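Peer 1: The structure under discussion is supplied below as C-alpha coordinates; questions concerning it will follow.
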Amino acid sequence: MSVATEISKLQTNLMNAYSTVEEKGATLPANQNFDNLATAISSIPSGGGGGSGTTDVPLTRISDDNGNEIGTWYMNFEDSSGNTYKVILLDAQYRNSSATWCSNTSAVTDMPLYSNLKSSNVWEAGETATQNTQLILDYCTAGGYTSTACSHCRSKSFTIGGVTYYGQLPNVLEASYIARNYNSFDAMDTSASSQSSLNFSTMRNIWVSNQYSSSSGWWLNGYGNMYDTAKMLTYLACPVLEIPL
Amino acid sequence: MYIKQQIYKGKLTDILYPDKGYLLQHKETKLIYGSVSLEDGRKQEDYIEIEDVETSTID
(Lines give C-alpha, C1' and ligand atoms only; values in the text may rest on other atoms or scores of the structure.)
Protein backbone atom coordinates (compact mmCIF):
# COMPACT_ATOMS: atom_id res chain seq x y z
CA MET A 1 0.00 0.00 0.00
CA SER A 2 1.41 3.40 -0.98
CA VAL A 3 2.13 6.21 1.44
CA ALA A 4 -0.49 8.33 -0.30
CA THR A 5 -3.12 5.62 0.24
CA GLU A 6 -2.20 5.36 3.91
CA ILE A 7 -2.47 9.15 4.36
CA SER A 8 -5.83 9.17 2.63
CA LYS A 9 -7.06 6.38 4.91
CA LEU A 10 -5.90 8.28 7.99
CA GLN A 11 -7.68 11.43 6.80
CA THR A 12 -10.91 9.50 6.30
CA ASN A 13 -10.64 7.93 9.75
CA LEU A 14 -9.99 11.34 11.29
CA MET A 15 -13.03 12.89 9.62
CA ASN A 16 -15.15 9.94 10.76
CA ALA A 17 -13.91 10.42 14.31
CA TYR A 18 -14.83 14.13 14.26
CA SER A 19 -18.22 13.28 12.80
CA THR A 20 -18.90 10.82 15.62
CA VAL A 21 -17.86 13.17 18.43
CA GLU A 22 -20.02 15.90 16.88
CA GLU A 23 -23.03 13.55 17.05
CA LYS A 24 -22.21 13.12 20.76
CA GLY A 25 -22.56 16.88 21.26
CA ALA A 26 -18.89 17.90 21.09
CA THR A 27 -17.78 21.37 20.07
CA LEU A 28 -15.65 21.01 16.94
CA PRO A 29 -12.49 23.07 16.43
CA ALA A 30 -11.98 25.15 13.31
CA ASN A 31 -8.92 23.06 12.48
CA GLN A 32 -9.99 19.42 12.64
CA ASN A 33 -6.63 17.69 12.89
CA PHE A 34 -5.19 14.98 15.16
CA ASP A 35 -3.81 17.58 17.59
CA ASN A 36 -7.29 18.92 18.38
CA LEU A 37 -9.14 15.61 18.54
CA ALA A 38 -8.59 15.03 22.27
CA THR A 39 -9.95 18.50 23.09
CA ALA A 40 -13.02 17.84 20.95
CA ILE A 41 -13.68 14.54 22.76
CA SER A 42 -13.30 16.29 26.12
CA SER A 43 -16.03 18.76 25.14
CA ILE A 44 -18.67 16.01 24.88
CA PRO A 45 -21.26 16.80 27.59
CA SER A 46 -21.28 14.34 30.47
CA GLY A 47 -24.23 12.05 31.05
CA GLY A 48 -24.81 8.57 29.79
CA GLY A 49 -24.89 5.59 32.09
CA GLY A 50 -27.50 3.99 29.89
CA GLY A 51 -30.09 6.61 30.74
CA SER A 52 -30.89 9.95 29.22
CA GLY A 53 -28.69 12.81 28.09
CA THR A 54 -28.77 16.51 27.48
CA THR A 55 -26.98 18.95 25.26
CA ASP A 56 -26.48 22.63 25.91
CA VAL A 57 -27.51 24.90 23.07
CA PRO A 58 -27.13 28.67 22.70
CA LEU A 59 -30.34 30.23 24.07
CA THR A 60 -32.42 30.99 20.98
CA ARG A 61 -35.78 32.72 20.66
CA ILE A 62 -38.39 30.68 18.80
CA SER A 63 -41.37 31.96 16.79
CA ASP A 64 -44.41 29.98 15.71
CA ASP A 65 -45.78 29.90 12.18
CA ASN A 66 -47.76 33.08 12.87
CA GLY A 67 -44.52 34.93 13.51
CA ASN A 68 -45.13 35.32 17.24
CA GLU A 69 -42.25 34.76 19.64
CA ILE A 70 -43.40 32.02 21.99
CA GLY A 71 -40.36 30.89 23.95
CA THR A 72 -36.69 30.03 24.14
CA TRP A 73 -34.91 26.93 22.85
CA TYR A 74 -32.52 26.11 25.68
CA MET A 75 -31.44 22.46 25.46
CA ASN A 76 -31.72 19.16 23.65
CA PHE A 77 -32.92 16.13 25.57
CA GLU A 78 -32.09 12.54 24.67
CA ASP A 79 -34.46 10.01 26.18
CA SER A 80 -33.58 6.51 27.35
CA SER A 81 -34.46 5.11 23.92
CA GLY A 82 -31.94 7.37 22.19
CA ASN A 83 -34.47 9.79 20.68
CA THR A 84 -33.45 13.44 20.81
CA TYR A 85 -35.77 16.41 21.28
CA LYS A 86 -35.30 20.14 20.93
CA VAL A 87 -36.74 21.60 24.17
CA ILE A 88 -38.35 25.03 24.14
CA LEU A 89 -39.42 26.80 27.33
CA LEU A 90 -42.61 28.77 26.68
CA ASP A 91 -42.65 32.39 27.81
CA ALA A 92 -43.90 33.61 31.18
CA GLN A 93 -47.37 34.46 29.89
CA TYR A 94 -48.00 30.74 29.24
CA ARG A 95 -47.24 29.58 32.81
CA ASN A 96 -49.55 28.88 35.76
CA SER A 97 -48.44 29.96 39.22
CA SER A 98 -50.91 27.87 41.26
CA ALA A 99 -50.85 24.44 39.67
CA THR A 100 -51.18 21.10 41.43
CA TRP A 101 -49.26 18.01 40.31
CA CYS A 102 -52.25 15.76 41.02
CA SER A 103 -55.33 15.89 43.22
CA ASN A 104 -54.88 12.29 44.36
CA THR A 105 -52.16 10.62 46.39
CA SER A 106 -51.54 7.24 44.87
CA ALA A 107 -48.86 6.32 42.38
CA VAL A 108 -49.45 7.20 38.74
CA THR A 109 -49.82 3.96 36.78
CA ASP A 110 -46.81 2.98 34.64
CA MET A 111 -44.72 5.89 35.95
CA PRO A 112 -41.49 5.03 37.82
CA LEU A 113 -41.05 6.22 41.39
CA TYR A 114 -37.76 8.11 41.55
CA SER A 115 -37.21 8.41 45.29
CA ASN A 116 -33.48 9.06 45.11
CA LEU A 117 -32.80 11.52 42.30
CA LYS A 118 -29.68 13.58 42.86
CA SER A 119 -27.00 15.09 40.66
CA SER A 120 -25.14 11.80 40.30
CA ASN A 121 -28.04 9.73 39.01
CA VAL A 122 -30.52 12.23 37.63
CA TRP A 123 -29.64 10.86 34.19
CA GLU A 124 -31.50 7.67 35.00
CA ALA A 125 -34.82 9.48 34.60
CA GLY A 126 -34.97 9.03 30.85
CA GLU A 127 -38.67 9.64 30.26
CA THR A 128 -39.69 12.63 28.17
CA ALA A 129 -41.91 15.38 29.50
CA THR A 130 -44.42 14.27 26.89
CA GLN A 131 -44.51 10.71 28.26
CA ASN A 132 -44.77 11.88 31.87
CA THR A 133 -47.47 14.43 31.16
CA GLN A 134 -49.52 11.87 29.24
CA LEU A 135 -49.22 9.26 32.01
CA ILE A 136 -50.35 11.75 34.66
CA LEU A 137 -53.30 12.84 32.52
CA ASP A 138 -54.25 9.21 31.71
CA TYR A 139 -54.13 8.36 35.40
CA CYS A 140 -56.25 11.40 36.31
CA THR A 141 -58.81 10.64 33.61
CA ALA A 142 -59.12 7.01 34.73
CA GLY A 143 -59.55 7.90 38.39
CA GLY A 144 -61.55 11.11 38.10
CA TYR A 145 -58.67 13.23 39.46
CA THR A 146 -57.17 16.48 38.22
CA SER A 147 -53.68 17.71 37.44
CA THR A 148 -53.90 21.42 36.88
CA ALA A 149 -50.16 21.48 36.09
CA CYS A 150 -50.45 18.96 33.24
CA SER A 151 -53.83 20.22 32.01
CA HIS A 152 -52.51 23.75 31.91
CA CYS A 153 -49.39 22.74 29.97
CA ARG A 154 -51.39 20.69 27.46
CA SER A 155 -53.76 23.61 26.88
CA LYS A 156 -50.90 25.50 25.20
CA SER A 157 -50.29 24.56 21.60
CA PHE A 158 -48.27 26.14 18.82
CA THR A 159 -47.63 25.32 15.19
CA ILE A 160 -44.00 25.34 14.14
CA GLY A 161 -42.95 24.28 10.66
CA GLY A 162 -46.50 23.17 9.94
CA VAL A 163 -46.64 20.79 12.90
CA THR A 164 -48.67 21.51 16.05
CA TYR A 165 -46.90 20.88 19.35
CA TYR A 166 -48.46 20.84 22.81
CA GLY A 167 -47.02 22.10 26.07
CA GLN A 168 -45.67 19.48 28.49
CA LEU A 169 -44.70 19.59 32.15
CA PRO A 170 -40.86 19.46 32.09
CA ASN A 171 -39.02 16.37 33.31
CA VAL A 172 -36.29 16.65 35.92
CA LEU A 173 -33.43 17.32 33.49
CA GLU A 174 -35.41 19.88 31.54
CA ALA A 175 -36.42 21.61 34.78
CA SER A 176 -32.82 21.62 36.00
CA TYR A 177 -31.73 23.37 32.82
CA ILE A 178 -34.53 25.90 33.31
CA ALA A 179 -33.14 26.63 36.78
CA ARG A 180 -29.66 27.14 35.33
CA ASN A 181 -30.98 29.88 33.08
CA TYR A 182 -33.66 31.61 35.19
CA ASN A 183 -32.24 35.12 34.71
CA SER A 184 -31.47 34.67 31.01
CA PHE A 185 -35.02 33.54 30.26
CA ASP A 186 -36.51 36.64 31.87
CA ALA A 187 -34.05 38.86 29.99
CA MET A 188 -34.89 37.31 26.61
CA ASP A 189 -38.66 37.18 27.14
CA THR A 190 -39.88 40.71 26.41
CA SER A 191 -43.24 40.03 28.07
CA ALA A 192 -41.74 38.65 31.29
CA SER A 193 -41.52 41.97 33.14
CA SER A 194 -45.28 42.50 32.76
CA GLN A 195 -46.04 38.98 34.08
CA SER A 196 -45.37 39.73 37.73
CA SER A 197 -46.62 36.42 39.15
CA LEU A 198 -45.24 34.25 36.36
CA ASN A 199 -41.71 35.47 35.61
CA PHE A 200 -38.67 33.96 37.29
CA SER A 201 -37.87 37.16 39.19
CA THR A 202 -40.80 36.48 41.48
CA MET A 203 -41.71 32.82 41.04
CA ARG A 204 -39.09 30.09 40.86
CA ASN A 205 -40.64 27.04 42.54
CA ILE A 206 -41.40 24.85 39.56
CA TRP A 207 -43.06 21.47 39.23
CA VAL A 208 -41.21 18.54 37.66
CA SER A 209 -43.19 15.81 35.92
CA ASN A 210 -41.22 12.99 37.58
CA GLN A 211 -42.79 11.18 40.51
CA TYR A 212 -41.06 10.84 43.88
CA SER A 213 -43.53 8.55 45.67
CA SER A 214 -47.22 7.76 45.74
CA SER A 215 -48.00 11.02 47.45
CA SER A 216 -45.17 13.29 46.28
CA GLY A 217 -43.80 14.79 43.09
CA TRP A 218 -40.46 16.48 42.45
CA TRP A 219 -40.03 20.25 42.29
CA LEU A 220 -37.14 22.70 42.01
CA ASN A 221 -36.66 25.81 44.09
CA GLY A 222 -35.12 29.13 43.13
CA TYR A 223 -31.58 27.82 43.59
CA GLY A 224 -32.17 24.77 41.44
CA ASN A 225 -32.34 22.41 44.43
CA MET A 226 -34.67 19.45 44.03
CA TYR A 227 -37.19 18.48 46.65
CA ASP A 228 -40.19 16.25 46.90
CA THR A 229 -43.51 17.50 48.15
CA ALA A 230 -47.20 16.61 48.26
CA LYS A 231 -48.73 16.42 44.81
CA MET A 232 -51.67 18.52 45.94
CA LEU A 233 -49.58 21.61 46.74
CA THR A 234 -49.42 24.45 44.25
CA TYR A 235 -46.28 25.51 42.39
CA LEU A 236 -45.39 27.03 39.03
CA ALA A 237 -46.15 25.00 35.90
CA CYS A 238 -43.73 25.98 33.11
CA PRO A 239 -44.77 24.33 29.85
CA VAL A 240 -42.09 23.17 27.44
CA LEU A 241 -42.38 21.97 23.86
CA GLU A 242 -40.46 18.84 22.90
CA ILE A 243 -39.75 18.80 19.18
CA PRO A 244 -38.30 15.53 17.84
CA LEU A 245 -35.00 15.98 16.00
CA MET B 1 -49.36 -8.59 44.11
CA TYR B 2 -52.76 -8.70 42.51
CA ILE B 3 -54.55 -7.67 39.32
CA LYS B 4 -57.56 -5.38 39.21
CA GLN B 5 -59.50 -4.61 36.05
CA GLN B 6 -60.09 -0.90 35.53
CA ILE B 7 -60.93 1.54 32.78
CA TYR B 8 -57.56 2.97 31.76
CA LYS B 9 -56.84 4.92 28.58
CA GLY B 10 -60.49 4.48 27.67
CA LYS B 11 -60.65 0.69 27.85
CA LEU B 12 -60.93 -2.10 30.40
CA THR B 13 -57.35 -2.94 31.38
CA ASP B 14 -55.59 -5.28 33.81
CA ILE B 15 -53.70 -3.16 36.34
CA LEU B 16 -51.06 -4.86 38.50
CA TYR B 17 -50.83 -3.65 42.11
CA PRO B 18 -48.47 -4.63 44.93
CA ASP B 19 -49.79 -5.79 48.26
CA LYS B 20 -50.07 -3.16 50.98
CA GLY B 21 -46.66 -1.97 52.18
CA TYR B 22 -44.91 -3.05 48.97
CA LEU B 23 -43.99 -1.64 45.57
CA LEU B 24 -43.39 -3.28 42.21
CA GLN B 25 -39.90 -3.52 40.76
CA HIS B 26 -39.21 -4.46 37.16
CA LYS B 27 -36.77 -7.36 37.24
CA GLU B 28 -34.63 -6.10 34.37
CA THR B 29 -34.68 -2.30 34.55
CA LYS B 30 -34.92 -2.20 38.37
CA LEU B 31 -37.34 0.71 38.05
CA ILE B 32 -39.94 0.88 40.81
CA TYR B 33 -43.67 1.43 40.31
CA GLY B 34 -46.80 1.86 42.38
CA SER B 35 -48.93 0.16 39.73
CA VAL B 36 -48.45 -1.09 36.18
CA SER B 37 -50.90 -1.66 33.35
CA LEU B 38 -50.49 -5.08 31.76
CA GLU B 39 -50.51 -3.88 28.19
CA ASP B 40 -47.86 -3.09 25.56
CA GLY B 41 -46.18 -6.41 26.32
CA ARG B 42 -45.90 -5.89 30.08
CA LYS B 43 -46.39 -9.12 32.05
CA GLN B 44 -46.91 -9.83 35.74
CA GLU B 45 -43.91 -12.18 35.85
CA ASP B 46 -41.62 -9.28 34.89
CA TYR B 47 -42.15 -7.70 38.31
CA ILE B 48 -41.31 -8.54 41.90
CA GLU B 49 -42.59 -6.99 45.09
CA ILE B 50 -40.20 -4.98 47.21
CA GLU B 51 -40.79 -3.35 50.56
CA ASP B 52 -42.01 0.26 50.42
CA VAL B 53 -39.38 2.11 52.43
CA GLU B 54 -39.75 5.82 53.10
CA THR B 55 -36.70 7.75 51.91
CA SER B 56 -35.55 11.17 52.98
CA THR B 57 -35.55 14.30 50.87
CA ILE B 58 -32.40 14.87 48.85
CA ASP B 59 -31.47 18.26 47.48
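Residues are named by chain letter and number: chains run A, B, ... in the order of the C-alpha coordinates, numbers start at 1 in each chain, and ligands are numbered from 1 in the order shown.
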Run DSSP on the backbone and give me the residues of chain B it puts in strand (DSSP E), as JSON, numbers by chain.
Peer 2: {"B": [2, 3, 4, 5, 6, 7, 8, 11, 12, 13, 14, 15, 16, 17, 22, 23, 24, 25, 26, 32, 33, 36, 37, 47, 48, 49, 50, 51]}
Peer 1: Any idea which chain B residues end up within 12 Å of chain A if we count only C-alpha atoms, as a PyMOL selection string please?
Peer 2: chain B and resi 5-18+21-26+29-40+42+52-59
Peer 1: Only N, CA and C atoms, please: the residues just picked out, written as a short mmCIF file (atom, residue, chain, number, x, y, z; two decimals), in the first residue's frame.
Peer 2:
```cif
data_model
loop_
_atom_site.label_atom_id
_atom_site.label_comp_id
_atom_site.auth_asym_id
_atom_site.auth_seq_id
_atom_site.Cartn_x
_atom_site.Cartn_y
_atom_site.Cartn_z
N GLN B 5 -59.08 -5.13 37.36
CA GLN B 5 -59.50 -4.61 36.05
C GLN B 5 -60.11 -3.22 36.21
N GLN B 6 -59.60 -2.28 35.45
CA GLN B 6 -60.09 -0.90 35.53
C GLN B 6 -60.16 -0.29 34.14
N ILE B 7 -60.94 0.76 34.02
CA ILE B 7 -60.93 1.54 32.78
C ILE B 7 -59.69 2.42 32.80
N TYR B 8 -58.80 2.20 31.85
CA TYR B 8 -57.56 2.97 31.76
C TYR B 8 -57.29 3.25 30.29
N LYS B 9 -57.01 4.48 29.97
CA LYS B 9 -56.84 4.92 28.58
C LYS B 9 -58.08 4.55 27.75
N GLY B 10 -59.23 4.66 28.40
CA GLY B 10 -60.49 4.48 27.67
C GLY B 10 -60.94 3.05 27.47
N LYS B 11 -60.20 2.08 28.03
CA LYS B 11 -60.65 0.69 27.85
C LYS B 11 -60.37 -0.14 29.11
N LEU B 12 -61.10 -1.23 29.24
CA LEU B 12 -60.93 -2.10 30.40
C LEU B 12 -59.53 -2.74 30.34
N THR B 13 -58.77 -2.53 31.39
CA THR B 13 -57.35 -2.94 31.38
C THR B 13 -56.99 -3.64 32.69
N ASP B 14 -56.13 -4.64 32.61
CA ASP B 14 -55.59 -5.28 33.81
C ASP B 14 -54.51 -4.38 34.41
N ILE B 15 -54.71 -3.97 35.65
CA ILE B 15 -53.70 -3.16 36.34
C ILE B 15 -53.10 -4.01 37.46
N LEU B 16 -51.78 -4.08 37.49
CA LEU B 16 -51.06 -4.86 38.50
C LEU B 16 -50.72 -3.96 39.69
N TYR B 17 -51.12 -4.40 40.88
CA TYR B 17 -50.83 -3.65 42.11
C TYR B 17 -50.00 -4.51 43.06
N PRO B 18 -49.16 -3.89 43.87
CA PRO B 18 -48.47 -4.63 44.93
C PRO B 18 -49.37 -4.77 46.14
N GLY B 21 -48.00 -2.05 51.59
CA GLY B 21 -46.66 -1.97 52.18
C GLY B 21 -45.55 -2.35 51.21
N TYR B 22 -45.90 -2.64 49.96
CA TYR B 22 -44.91 -3.05 48.97
C TYR B 22 -45.02 -2.20 47.71
N LEU B 23 -43.99 -2.26 46.89
CA LEU B 23 -43.99 -1.64 45.57
C LEU B 23 -43.60 -2.69 44.54
N LEU B 24 -43.77 -2.36 43.28
CA LEU B 24 -43.39 -3.28 42.21
C LEU B 24 -42.04 -2.87 41.63
N GLN B 25 -41.17 -3.82 41.42
CA GLN B 25 -39.90 -3.52 40.76
C GLN B 25 -39.75 -4.38 39.51
N HIS B 26 -39.44 -3.72 38.40
CA HIS B 26 -39.21 -4.46 37.16
C HIS B 26 -37.90 -5.23 37.29
N THR B 29 -35.08 -3.71 34.47
CA THR B 29 -34.68 -2.30 34.55
C THR B 29 -34.46 -1.83 35.98
N LYS B 30 -35.00 -2.56 36.95
CA LYS B 30 -34.92 -2.20 38.37
C LYS B 30 -35.75 -0.97 38.72
N LEU B 31 -36.49 -0.44 37.75
CA LEU B 31 -37.34 0.71 38.05
C LEU B 31 -38.48 0.27 38.96
N ILE B 32 -38.94 1.19 39.80
CA ILE B 32 -39.94 0.88 40.81
C ILE B 32 -41.25 1.59 40.47
N TYR B 33 -42.35 0.90 40.67
CA TYR B 33 -43.67 1.43 40.31
C TYR B 33 -44.66 1.20 41.44
N GLY B 34 -45.69 2.05 41.45
CA GLY B 34 -46.80 1.86 42.38
C GLY B 34 -47.88 0.99 41.77
N SER B 35 -48.00 1.02 40.45
CA SER B 35 -48.93 0.16 39.73
C SER B 35 -48.51 0.14 38.26
N VAL B 36 -48.87 -0.92 37.58
CA VAL B 36 -48.45 -1.09 36.18
C VAL B 36 -49.62 -1.66 35.39
N SER B 37 -49.86 -1.09 34.22
CA SER B 37 -50.90 -1.66 33.35
C SER B 37 -50.29 -2.81 32.55
N LEU B 38 -51.01 -3.91 32.49
CA LEU B 38 -50.49 -5.08 31.76
C LEU B 38 -50.92 -4.99 30.30
N GLU B 39 -50.29 -4.06 29.62
CA GLU B 39 -50.51 -3.88 28.19
C GLU B 39 -49.16 -3.54 27.57
N ASP B 40 -49.12 -3.38 26.26
CA ASP B 40 -47.86 -3.09 25.56
C ASP B 40 -46.77 -4.10 25.90
N ARG B 42 -46.28 -5.75 28.67
CA ARG B 42 -45.90 -5.89 30.08
C ARG B 42 -46.60 -7.10 30.69
N ASP B 52 -41.88 -1.19 50.61
CA ASP B 52 -42.01 0.26 50.42
C ASP B 52 -41.35 0.95 51.59
N VAL B 53 -40.12 1.45 51.35
CA VAL B 53 -39.38 2.11 52.43
C VAL B 53 -39.39 3.60 52.20
N GLU B 54 -39.77 4.36 53.20
CA GLU B 54 -39.75 5.82 53.10
C GLU B 54 -38.31 6.30 52.97
N THR B 55 -38.05 7.20 52.04
CA THR B 55 -36.70 7.75 51.91
C THR B 55 -36.73 9.24 52.23
N SER B 56 -35.59 9.77 52.58
CA SER B 56 -35.55 11.17 52.98
C SER B 56 -35.40 12.07 51.75
N THR B 57 -35.69 13.33 51.94
CA THR B 57 -35.55 14.30 50.87
C THR B 57 -34.09 14.54 50.55
N ILE B 58 -33.78 14.60 49.27
CA ILE B 58 -32.40 14.87 48.85
C ILE B 58 -32.41 16.16 48.03
N ASP B 59 -31.52 17.06 48.32
CA ASP B 59 -31.47 18.26 47.48
C ASP B 59 -30.10 18.43 46.90
#
```
Peer 1: Name the residues of stretch 18-243 of chain A that come out as helix (DSSP H, G or I) in a backbone DSSP run; write them as a PyMOL selection string.
Peer 2: chain A and resi 18-23+34-42+92-94+122-124+129-143+148-154+172-180+182-188+192-194
Peer 1: Tell me, in Å to one decimal, how far atom CA of A:Phe200 is from atom CA of A:Thr72.
Peer 2: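 Separating atom CA of A:Phe200 from atom CA of A:Thr72 is a distance of 13.9 Å.
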Peer 1: Just how far from atom CA of A:Ser209 is atom CA of A:Gly222, in Å to one decimal?
Peer 2: 17.2 Å
Peer 1: One decimal, Å: what's the distance from atom CA of A:Asp186 over to atom CA of A:Ala129, could you say?
Peer 2: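 A separation of 22.1 Å between them.
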Peer 1: Have a look at A:Tyr85, A:Tyr177, A:Tyr18, A:Tyr74 and name the one nearest to A:Thr39; count only C-alpha atoms.
Peer 2: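 When distances to A:Thr39 are compared using only C-alpha atoms, the smallest one comes from A:Tyr18.
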Peer 1: In terms of the shortest atom-to-atom distance over only C-alpha atoms, which of A:Pro58, A:Gly53, A:Gly126, A:Pro29 is closest to A:Asn181?
Peer 2: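 Closest to A:Asn181, using only C-alpha atoms: A:Pro58.
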